[in-house]
Amino acid sequence: MLDLTTLNKPQLAAVRQIEGALLLLAGAGSGKTRVITYRIAYMILSKEIPPENILAVTFTNKAANEMKERVEDLVGKARTKGMIVSTFHSLCVRILRLEIEKLGYKRNFSIYSSADQVGLIRQIVREIYHGDKKIDSEKILWIISAAKNGLIGHEQFSPKKGDEYELLASKVYPRYRSALKAFNALDFDDIIMLTIELFERFSDILDRWQERFRYIMVDEYQDTNAAQFLLIKLLAAKYRNLCVVGDDDQSIYGWRGADVGNILDFEKDYSGCRLIKLEQNYRSTGNILKAANSVIKNNKQRTGKTLWTDCGAGKLIDMMVAQDDEEEATTVVERIQMERFKNDLSYGDFAVLYRANAQSRAFEEQLRYENIPYLLIGGMEFYERKEVKDSLSYLKAISNPSDEVALLRVINFPRRGIGDGTVIKINQWSVEQGCQLFEAFGRVGQIPGISVATGDLVLGFHAQLIESRQRLQKKGGLAAKVQELFKTLGIEEELYRTIDDPASARRRVENVEQIVNAAAAYEERTANPTLAGFLEKVSLLDDGHYPGMGKKIPGSDAVVLMSLHSSKGLEFPYVFLAGLEEGNLPHSKSIDEGFSIDEERRLCYVGITRARRHLTITRCLYRKKYGKLQERYPSRFLEELPEELLNHQKGAMAAAATEAEADKMASNFFARMQSMLVA
DNA sequence: GTTGCGTTTATTTTT
DNA sequence: TAAACGCAAC
């Protein structure tokens with residue numbers, strides 16, 4: 001039976017409130033995940049609710065997997081069969097794979113990454129804009145994506161007056177939409193939006209899924225946007241057993257369309273809902289919580305929670321001022337070394353958090369120099385790398401030949417002598433003829449202006465794709481087939497040929513090999529592995545946590561580097577919060593473009609509350625920007641920290657009270673390092 | 001069609 | 001500073 005005695009009062013109340021609407025306001029470190037997992041376990045074990053009627057939605061795969069494992073630990077794997085714990089996007093893809101034909105797409109649709117989206121938009125802009133200004137396609141994508149997240153279709157979209165980008169976006173939007181459909185592809189926003197469309201147009205389908213998910217839980221509800229809100233509203237409308245969990249103080253995705261209003265208005269949207277607050281913090285020391293509370297209380301619009309702990313005050317918060325970003329990195333790394341030796345810690349106990357991914361560089365360099373293992377989360381993702389994308393595009397083009405973005409990417413990779421001129425001619429012809437690009441490849445002989453020699457190259461490519469498709473659609477040995485395909489294509493040789501530096505060429509070859517490893521890992525843990533299934537996993541992946549993928553070596557002990565955004569939901573014994581300067585945190589974009597400073601403050605709050613035992617805050621007097629030094633000023637958030645919580649430092653060695661002590665510590669430190677090296 | 005060089009331009013956060 | 005782009009030579 002489930003042991004509920006370890007839960008505190010509000011936690012227990014939340015676990016036992018199964019029916020109806022429940023708003024669970026869970027402060028940082030208040031045991032939120034524990035409550036959700038116990039709640040699911042309670043449903044299954046005590047209320048005998050069939051697991052297939054339970055749905056839990058999260059924002060990241062990592063959170064979903066963790067939650068699933070923890071429920072399985074509580075009730076046993078056999079009793080969770082049919083329960084769905086997944087991200088919004090995975091859930092919707094799952095639904096769409098079954099039902100999307102109703103909307104005129106094929107079931108083997110591709111999912112476009114943001115880079116794919118930008119590429120497509122760039123192409124459309126080239127077709128319709130003939131002015132002489134250079135156009136930032138990413139900006140247009142932002143406008144379209146914001147519209148989609150707000151559930152504004154291309155028919156309803158009306159550009160803000162006087163804004164040329166809005167105007168251009170209004171012209172691009174419908175074409176973008178129809179291009180995606182013609183390519184049988186969805187972007188991230190479509191995944192949610194089309195699921196809603198499906199539910200709104202086909203009430204029988206909605207009804208079926210409502211029957212399936214009688215009990216729904218949504219984690220990180222403060223991060224939901226208008227589309228996600230509506231999706232949940234539709235699914236929960238019949239049984240109204242909806243529990244949303246979140247923390248308005250940790251709402252940091254407003255820029256992506258998330259609406260804190262969704263959580264603030266929950267009580268209005270679901271009248272008769274019950275509200276439970278979790279305010280006891282089990283993570284951090286008293287001083288860390290005091291610091292966090294005194295920063296966040298400066299925000300106006302809040303539900304008002306105050307975190308408390310009975311774990312004692314702990315150490316003061318270290319405040320370090322460095323000359324420049326390089327010194328900031330060396331000081332932080334020195335301190336990590338020192339604390340590690342002093343307290344017998346592992347590298348994995350430390351995290352360095354920052355506002356912008358670009359800040360990771362200095363830390364990376366220093367950690368590499370000191371030979372300290374580190375794990376970099378975010379930034380240039382594994383799948384964003386050119387060689388990885390080119391190789392994956394092959395698989396995408398094979399899986400969905402309508403995917404023209406993928407086709408165009410690989411038509412001349414590896415180099416086979418089909419240049420831009422030819423591609424443009426084929427593309428134009430296919431548009432005129434109203435046939436798909438892939439078909440046009442096969443009919444290249446009919447296209448005027450292409451030499452027979454070049455035409456043969458195109459036909460060769462076409463034939464190779466068809467042949468590969470037949471081979472890869474057959475069941476079994478997916479990873480082996482992928483490996484064979486890459487070998488036939490000569491990707492390895494191509495990389496060695498085009499990259500001057502052999503070491504970096506080697507690294508890239510290894511990256512491509514990782515795809516094969518990932519396919520093998522996927523094949524191993526999936527009942528009916530298919531190429532499309534593998535590609536879907538890859539597209540919806542959030543970070544490098546997939547087995548056999550990316551930079552994470554399982555079980556490795558490494559210092560973690562990541563942005564404040566990616567740190568939400570995580571905790572570390574020792575946290576370094578770097579670059580607390582005006583223009584960085586708060587970021588200049590939010591200062592001068594009128595975006596909310598409150599969201600930046602929440603970001604700061606998230607950073608502080610990641611720390612369990614000790615927090616170090618750093619800032620620089622100067623920082624390199626565009627290659628030259630720039631003066632920096634302390635962040636306004638630093639003034640919001642009570643002076644009595646701070647311990648001002650000059651550098652790592654200043655942690656020791658006296659010079660003699662510092663000397664002693666230094667010699668100890670080096671002695672231990674020596675013995676480490678010898679051993 | 002491909003390669004290499006010089007010029008430009010950008011740095012928020014991401015499912 | 002360094003990556004990304006455009007243009008000219010091969």
# chains A, B, ... in the order shown; residues from 1 in each chain; ligands from 1

$ interface_residues --of "chain A" --to "chain C" --cutoff "10 Å" --atoms "only C-alpha atoms (C1' of nucleotides)" --output "list in words"
Lys624, Lys625, Tyr626, Gly627 and Lys628 of chain A

$ closest_atom_pairs --of "chain A" --to "chain B" --cutoff "7 Å" --atoms "only C-alpha atoms (C1' of nucleotides)" --output "tab-separated table"
residue	atom	partner	partner_atom	distance
A:Phe59	CA	B:DT15	C1'	6.7
A:Ala356	CA	B:DT12	C1'	5.8
A:Ala358	CA	B:DT11	C1'	7.0
A:Gly417	CA	B:DG1	C1'	6.7
A:Gly419	CA	B:DG1	C1'	5.9
A:Asp542	CA	B:DT15	C1'	6.9
A:His565	CA	B:DT13	C1'	6.1

$ residues_around --residues "Leu395 in chain A" --least-positions-apart "6" --cutoff "10 Å" --atoms "only C-alpha atoms (C1' of nucleotides)" --output "mmCIF file with N, CA, C and O atoms, in the first residue's frame"
data_model
loop_
_atom_site.group_PDB
_atom_site.id
_atom_site.type_symbol
_atom_site.label_atom_id
_atom_site.label_comp_id
_atom_site.auth_asym_id
_atom_site.auth_seq_id
_atom_site.Cartn_x
_atom_site.Cartn_y
_atom_site.Cartn_z
ATOM 1 N N LYS A 389 22.615 17.460 -39.120
ATOM 2 C CA LYS A 389 21.392 17.799 -39.825
ATOM 3 C C LYS A 389 21.382 17.263 -41.247
ATOM 4 O O LYS A 389 20.358 16.784 -41.725
ATOM 5 N N PRO A 401 9.151 11.773 -48.676
ATOM 6 C CA PRO A 401 9.715 12.404 -49.877
ATOM 7 C C PRO A 401 9.059 13.739 -50.219
ATOM 8 O O PRO A 401 9.581 14.481 -51.044
ATOM 9 N N ALA A 406 14.108 18.978 -46.518
ATOM 10 C CA ALA A 406 15.101 17.917 -46.360
ATOM 11 C C ALA A 406 15.716 17.548 -47.713
ATOM 12 O O ALA A 406 16.934 17.399 -47.829
ATOM 13 N N LEU A 407 14.871 17.441 -48.727
ATOM 14 C CA LEU A 407 15.371 17.086 -50.060
ATOM 15 C C LEU A 407 16.425 18.085 -50.541
ATOM 16 O O LEU A 407 17.488 17.703 -51.029
ATOM 17 N N VAL A 410 19.864 17.766 -48.948
ATOM 18 C CA VAL A 410 20.747 16.636 -49.239
ATOM 19 C C VAL A 410 21.006 16.433 -50.723
ATOM 20 O O VAL A 410 21.792 15.562 -51.095
ATOM 21 N N LEU A 465 17.453 7.462 -53.711
ATOM 22 C CA LEU A 465 16.472 7.709 -52.653
ATOM 23 C C LEU A 465 15.390 6.637 -52.649
ATOM 24 O O LEU A 465 15.008 6.132 -51.595
ATOM 25 N N SER A 468 16.814 3.435 -51.302
ATOM 26 C CA SER A 468 17.021 3.507 -49.852
ATOM 27 C C SER A 468 15.688 3.424 -49.121
ATOM 28 O O SER A 468 15.589 2.807 -48.065
ATOM 29 N N ARG A 469 14.701 4.044 -49.706
ATOM 30 C CA ARG A 469 13.386 4.056 -49.077
ATOM 31 C C ARG A 469 12.845 2.635 -48.964
ATOM 32 O O ARG A 469 12.359 2.228 -47.911
ATOM 33 N N LEU A 472 14.812 0.867 -46.223
ATOM 34 C CA LEU A 472 14.597 1.304 -44.844
ATOM 35 C C LEU A 472 13.167 1.103 -44.352
ATOM 36 O O LEU A 472 12.920 1.105 -43.152
ATOM 37 N N VAL A 482 20.798 2.146 -41.281
ATOM 38 C CA VAL A 482 21.202 3.554 -41.293
ATOM 39 C C VAL A 482 22.710 3.651 -41.470
ATOM 40 O O VAL A 482 23.221 4.430 -42.282
ATOM 41 N N LEU A 485 23.610 2.921 -44.969
ATOM 42 C CA LEU A 485 23.255 4.040 -45.839
ATOM 43 C C LEU A 485 24.324 5.132 -45.776
ATOM 44 O O LEU A 485 24.799 5.617 -46.805
ATOM 45 N N PHE A 486 24.695 5.508 -44.566
ATOM 46 C CA PHE A 486 25.702 6.553 -44.403
ATOM 47 C C PHE A 486 27.014 6.150 -45.067
ATOM 48 O O PHE A 486 27.722 6.974 -45.637
ATOM 49 N N LEU A 531 11.541 3.879 -38.999
ATOM 50 C CA LEU A 531 12.327 5.062 -39.305
ATOM 51 C C LEU A 531 11.581 6.322 -38.877
ATOM 52 O O LEU A 531 12.134 7.215 -38.241
ATOM 53 N N ALA A 532 10.288 6.376 -39.203
ATOM 54 C CA ALA A 532 9.494 7.561 -38.854
ATOM 55 C C ALA A 532 9.452 7.760 -37.342
ATOM 56 O O ALA A 532 9.555 8.883 -36.849
ATOM 57 N N PHE A 534 11.668 6.860 -35.179
ATOM 58 C CA PHE A 534 12.970 7.346 -34.734
ATOM 59 C C PHE A 534 13.111 8.843 -34.995
ATOM 60 O O PHE A 534 13.523 9.613 -34.117
ATOM 61 N N LEU A 535 12.728 9.273 -36.184
ATOM 62 C CA LEU A 535 12.840 10.688 -36.531
ATOM 63 C C LEU A 535 11.964 11.550 -35.636
ATOM 64 O O LEU A 535 12.320 12.663 -35.277
#

$ select_by_dssp --residues "range 454-630 of chain A" --states "alpha helix (DSSP H)" --output "PyMOL selection string"
chain A and resi 454-473+478-489+491-498+502-524+531-540+564-567+588-592+597-608

$ closest_residue --among "A:Asp219, A:Glu599, A:Glu101, A:Glu364" --to "Leu198 in chain A" --atoms "only C-alpha atoms"
A:Glu101

$ select_by_dssp --residues "range 355-584 of chain A" --states "strand (DSSP E or B)" --output "JSON, numbers by chain"
{"A": [374, 375, 376, 559, 560, 561, 562, 563, 572, 573, 574, 575, 576, 577, 581, 583, 584]}

$ write_last_selection --atoms "all heavy atoms" --output "short mmCIF file (atom, residue, chain, number, x, y, z; two decimals), in the first residue's frame"
data_model
loop_
_atom_site.label_atom_id
_atom_site.label_comp_id
_atom_site.auth_asym_id
_atom_site.auth_seq_id
_atom_site.Cartn_x
_atom_site.Cartn_y
_atom_site.Cartn_z
N TYR A 374 32.95 18.63 -17.75
CA TYR A 374 31.77 19.48 -17.63
C TYR A 374 30.71 19.04 -18.62
O TYR A 374 30.99 18.36 -19.60
CB TYR A 374 32.12 20.96 -17.84
CG TYR A 374 32.57 21.30 -19.23
CD1 TYR A 374 31.64 21.68 -20.20
CD2 TYR A 374 33.91 21.25 -19.58
CE1 TYR A 374 32.05 22.00 -21.48
CE2 TYR A 374 34.33 21.56 -20.85
CZ TYR A 374 33.39 21.93 -21.81
OH TYR A 374 33.80 22.23 -23.07
N LEU A 375 29.51 19.43 -18.31
CA LEU A 375 28.36 19.08 -19.15
C LEU A 375 27.69 20.37 -19.56
O LEU A 375 27.22 21.13 -18.72
CB LEU A 375 27.40 18.21 -18.33
CG LEU A 375 26.10 17.81 -18.98
CD1 LEU A 375 26.36 16.94 -20.20
CD2 LEU A 375 25.24 17.06 -17.99
N LEU A 376 27.69 20.63 -20.84
CA LEU A 376 27.08 21.86 -21.34
C LEU A 376 25.68 21.57 -21.84
O LEU A 376 25.49 20.77 -22.74
CB LEU A 376 27.94 22.44 -22.45
CG LEU A 376 27.43 23.70 -23.11
CD1 LEU A 376 27.60 24.89 -22.18
CD2 LEU A 376 28.16 23.95 -24.41
N VAL A 559 30.78 19.06 -13.87
CA VAL A 559 30.20 20.37 -13.56
C VAL A 559 29.17 20.70 -14.63
O VAL A 559 29.41 20.46 -15.81
CB VAL A 559 31.31 21.44 -13.55
CG1 VAL A 559 30.71 22.84 -13.36
CG2 VAL A 559 32.34 21.15 -12.46
N VAL A 560 28.04 21.23 -14.22
CA VAL A 560 26.98 21.52 -15.19
C VAL A 560 26.98 23.01 -15.54
O VAL A 560 27.03 23.86 -14.66
CB VAL A 560 25.61 21.11 -14.61
CG1 VAL A 560 24.50 21.48 -15.57
CG2 VAL A 560 25.58 19.62 -14.33
N LEU A 561 26.96 23.29 -16.83
CA LEU A 561 26.84 24.67 -17.30
C LEU A 561 25.51 24.81 -18.03
O LEU A 561 25.24 24.04 -18.94
CB LEU A 561 27.95 25.01 -18.30
CG LEU A 561 29.40 24.85 -17.90
CD1 LEU A 561 30.30 25.27 -19.06
CD2 LEU A 561 29.71 25.68 -16.68
N MET A 562 24.69 25.76 -17.63
CA MET A 562 23.45 25.95 -18.39
C MET A 562 22.81 27.30 -18.15
O MET A 562 23.15 28.02 -17.22
CB MET A 562 22.47 24.83 -18.10
CG MET A 562 21.92 24.80 -16.73
SD MET A 562 20.79 23.42 -16.65
CE MET A 562 21.10 22.86 -15.02
N SER A 563 21.87 27.63 -19.02
CA SER A 563 21.14 28.89 -18.90
C SER A 563 20.15 28.80 -17.74
O SER A 563 19.76 27.71 -17.32
CB SER A 563 20.39 29.17 -20.17
OG SER A 563 19.31 28.28 -20.29
N PHE A 572 20.95 21.87 -7.32
CA PHE A 572 22.35 21.51 -7.15
C PHE A 572 22.81 21.97 -5.77
O PHE A 572 22.40 23.04 -5.32
CB PHE A 572 23.22 22.21 -8.21
CG PHE A 572 22.81 21.89 -9.61
CD1 PHE A 572 21.87 22.68 -10.26
CD2 PHE A 572 23.33 20.79 -10.27
CE1 PHE A 572 21.47 22.37 -11.55
CE2 PHE A 572 22.93 20.48 -11.56
CZ PHE A 572 22.00 21.27 -12.20
N PRO A 573 23.68 21.20 -5.13
CA PRO A 573 24.20 21.63 -3.83
C PRO A 573 24.90 22.99 -3.91
O PRO A 573 24.68 23.86 -3.08
CB PRO A 573 25.18 20.52 -3.45
CG PRO A 573 24.67 19.31 -4.17
CD PRO A 573 24.10 19.83 -5.46
N TYR A 574 25.73 23.18 -4.93
CA TYR A 574 26.46 24.44 -5.05
C TYR A 574 26.12 25.11 -6.37
O TYR A 574 26.31 24.52 -7.44
CB TYR A 574 27.97 24.19 -4.99
CG TYR A 574 28.42 23.76 -3.62
CD1 TYR A 574 28.21 22.44 -3.19
CD2 TYR A 574 29.01 24.66 -2.74
CE1 TYR A 574 28.58 22.04 -1.92
CE2 TYR A 574 29.39 24.27 -1.47
CZ TYR A 574 29.17 22.95 -1.06
OH TYR A 574 29.54 22.57 0.19
N VAL A 575 25.64 26.33 -6.27
CA VAL A 575 25.26 27.04 -7.50
C VAL A 575 26.05 28.34 -7.63
O VAL A 575 26.21 29.08 -6.66
CB VAL A 575 23.75 27.34 -7.50
CG1 VAL A 575 23.39 28.34 -8.59
CG2 VAL A 575 22.95 26.06 -7.69
N PHE A 576 26.55 28.58 -8.82
CA PHE A 576 27.16 29.86 -9.15
C PHE A 576 26.24 30.58 -10.12
O PHE A 576 25.93 30.07 -11.19
CB PHE A 576 28.53 29.64 -9.79
CG PHE A 576 29.53 29.07 -8.84
CD1 PHE A 576 29.59 27.70 -8.62
CD2 PHE A 576 30.40 29.90 -8.14
CE1 PHE A 576 30.50 27.16 -7.72
CE2 PHE A 576 31.31 29.38 -7.24
CZ PHE A 576 31.36 28.00 -7.03
N LEU A 577 25.83 31.77 -9.71
CA LEU A 577 24.94 32.56 -10.55
C LEU A 577 25.80 33.66 -11.15
O LEU A 577 26.22 34.58 -10.45
CB LEU A 577 23.84 33.13 -9.66
CG LEU A 577 22.55 33.62 -10.26
CD1 LEU A 577 21.96 32.60 -11.20
CD2 LEU A 577 21.57 33.92 -9.14
N GLU A 581 24.62 41.55 -13.92
CA GLU A 581 24.91 42.92 -14.34
C GLU A 581 23.71 43.47 -15.10
O GLU A 581 22.99 42.73 -15.75
CB GLU A 581 26.13 42.91 -15.27
CG GLU A 581 27.40 42.42 -14.59
CD GLU A 581 28.23 41.54 -15.52
OE1 GLU A 581 28.21 41.79 -16.73
OE2 GLU A 581 28.86 40.59 -15.03
N GLY A 583 21.74 44.82 -17.99
CA GLY A 583 21.90 44.53 -19.41
C GLY A 583 22.09 43.04 -19.66
O GLY A 583 21.93 42.58 -20.78
N ASN A 584 22.43 42.32 -18.60
CA ASN A 584 22.57 40.88 -18.75
C ASN A 584 21.45 40.19 -17.98
O ASN A 584 20.73 39.36 -18.51
CB ASN A 584 23.95 40.45 -18.26
CG ASN A 584 24.23 38.98 -18.57
OD1 ASN A 584 24.86 38.30 -17.80
ND2 ASN A 584 23.74 38.50 -19.68
#

$ residues_around --residues "Asp557 in chain A" --least-positions-apart "2" --cutoff "8 Å" --atoms "only C-alpha atoms (C1' of nucleotides)" --output "PyMOL selection string"
chain A and resi 346-348+373-374+555+559

$ atom_distance --atom1 "CA of Tyr38 in chain A" --atom2 "CA of Leu2 in chain A"
8.2 Å

$ residues_around --residues "Ala463 in chain A" --least-positions-apart "2" --cutoff "12 Å" --atoms "only C-alpha atoms (C1' of nucleotides)" --output "ChimeraX atom specification"
/A:398,438-439,441-443,456-461,465-470

$ residues_around --residues "Leu437 in chain A" --least-positions-apart "2" --cutoff "8 Å" --atoms "only C-alpha atoms (C1' of nucleotides)" --output "list in words"
Ser402, Glu404, Ile426, Asn427, Ser430, Cys435, Glu439, Ala440 and Phe441 of chain A

$ write_last_selection --atoms "N, CA, C and O atoms" --output "PDB file, in the first residue's frame"
ATOM      1  N   SER A 402       7.920  14.062 -49.578  1.00  0.00           N
ATOM      2  CA  SER A 402       7.335  15.384 -49.799  1.00  0.00           C
ATOM      3  C   SER A 402       8.105  16.468 -49.051  1.00  0.00           C
ATOM      4  O   SER A 402       7.891  17.651 -49.284  1.00  0.00           O
ATOM      5  N   GLU A 404      10.374  18.840 -48.713  1.00  0.00           N
ATOM      6  CA  GLU A 404      11.270  19.477 -49.674  1.00  0.00           C
ATOM      7  C   GLU A 404      12.450  20.156 -49.012  1.00  0.00           C
ATOM      8  O   GLU A 404      13.518  20.283 -49.602  1.00  0.00           O
ATOM      9  N   ILE A 426      14.961  23.107 -61.491  1.00  0.00           N
ATOM     10  CA  ILE A 426      14.026  22.015 -61.177  1.00  0.00           C
ATOM     11  C   ILE A 426      12.881  22.530 -60.320  1.00  0.00           C
ATOM     12  O   ILE A 426      11.714  22.216 -60.553  1.00  0.00           O
ATOM     13  N   ASN A 427      13.230  23.339 -59.351  1.00  0.00           N
ATOM     14  CA  ASN A 427      12.227  23.849 -58.422  1.00  0.00           C
ATOM     15  C   ASN A 427      11.179  24.681 -59.169  1.00  0.00           C
ATOM     16  O   ASN A 427       9.977  24.487 -58.976  1.00  0.00           O
ATOM     17  N   SER A 430       8.940  22.483 -61.215  1.00  0.00           N
ATOM     18  CA  SER A 430       7.979  21.709 -60.420  1.00  0.00           C
ATOM     19  C   SER A 430       6.820  22.596 -59.975  1.00  0.00           C
ATOM     20  O   SER A 430       5.677  22.150 -59.905  1.00  0.00           O
ATOM     21  N   CYS A 435       3.809  19.816 -59.778  1.00  0.00           N
ATOM     22  CA  CYS A 435       4.149  18.494 -59.255  1.00  0.00           C
ATOM     23  C   CYS A 435       5.163  18.641 -58.130  1.00  0.00           C
ATOM     24  O   CYS A 435       5.774  19.678 -57.949  1.00  0.00           O
ATOM     25  N   GLU A 439       9.065  14.229 -57.481  1.00  0.00           N
ATOM     26  CA  GLU A 439       8.620  13.728 -58.778  1.00  0.00           C
ATOM     27  C   GLU A 439       9.410  14.406 -59.903  1.00  0.00           C
ATOM     28  O   GLU A 439       9.809  13.765 -60.878  1.00  0.00           O
ATOM     29  N   ALA A 440       9.638  15.701 -59.730  1.00  0.00           N
ATOM     30  CA  ALA A 440      10.380  16.458 -60.747  1.00  0.00           C
ATOM     31  C   ALA A 440      11.791  15.896 -60.929  1.00  0.00           C
ATOM     32  O   ALA A 440      12.319  15.876 -62.047  1.00  0.00           O
ATOM     33  N   PHE A 441      12.376  15.418 -59.869  1.00  0.00           N
ATOM     34  CA  PHE A 441      13.706  14.802 -59.991  1.00  0.00           C
ATOM     35  C   PHE A 441      13.665  13.643 -60.992  1.00  0.00           C
ATOM     36  O   PHE A 441      14.543  13.480 -61.826  1.00  0.00           O
TER      37      PHE A 441
END
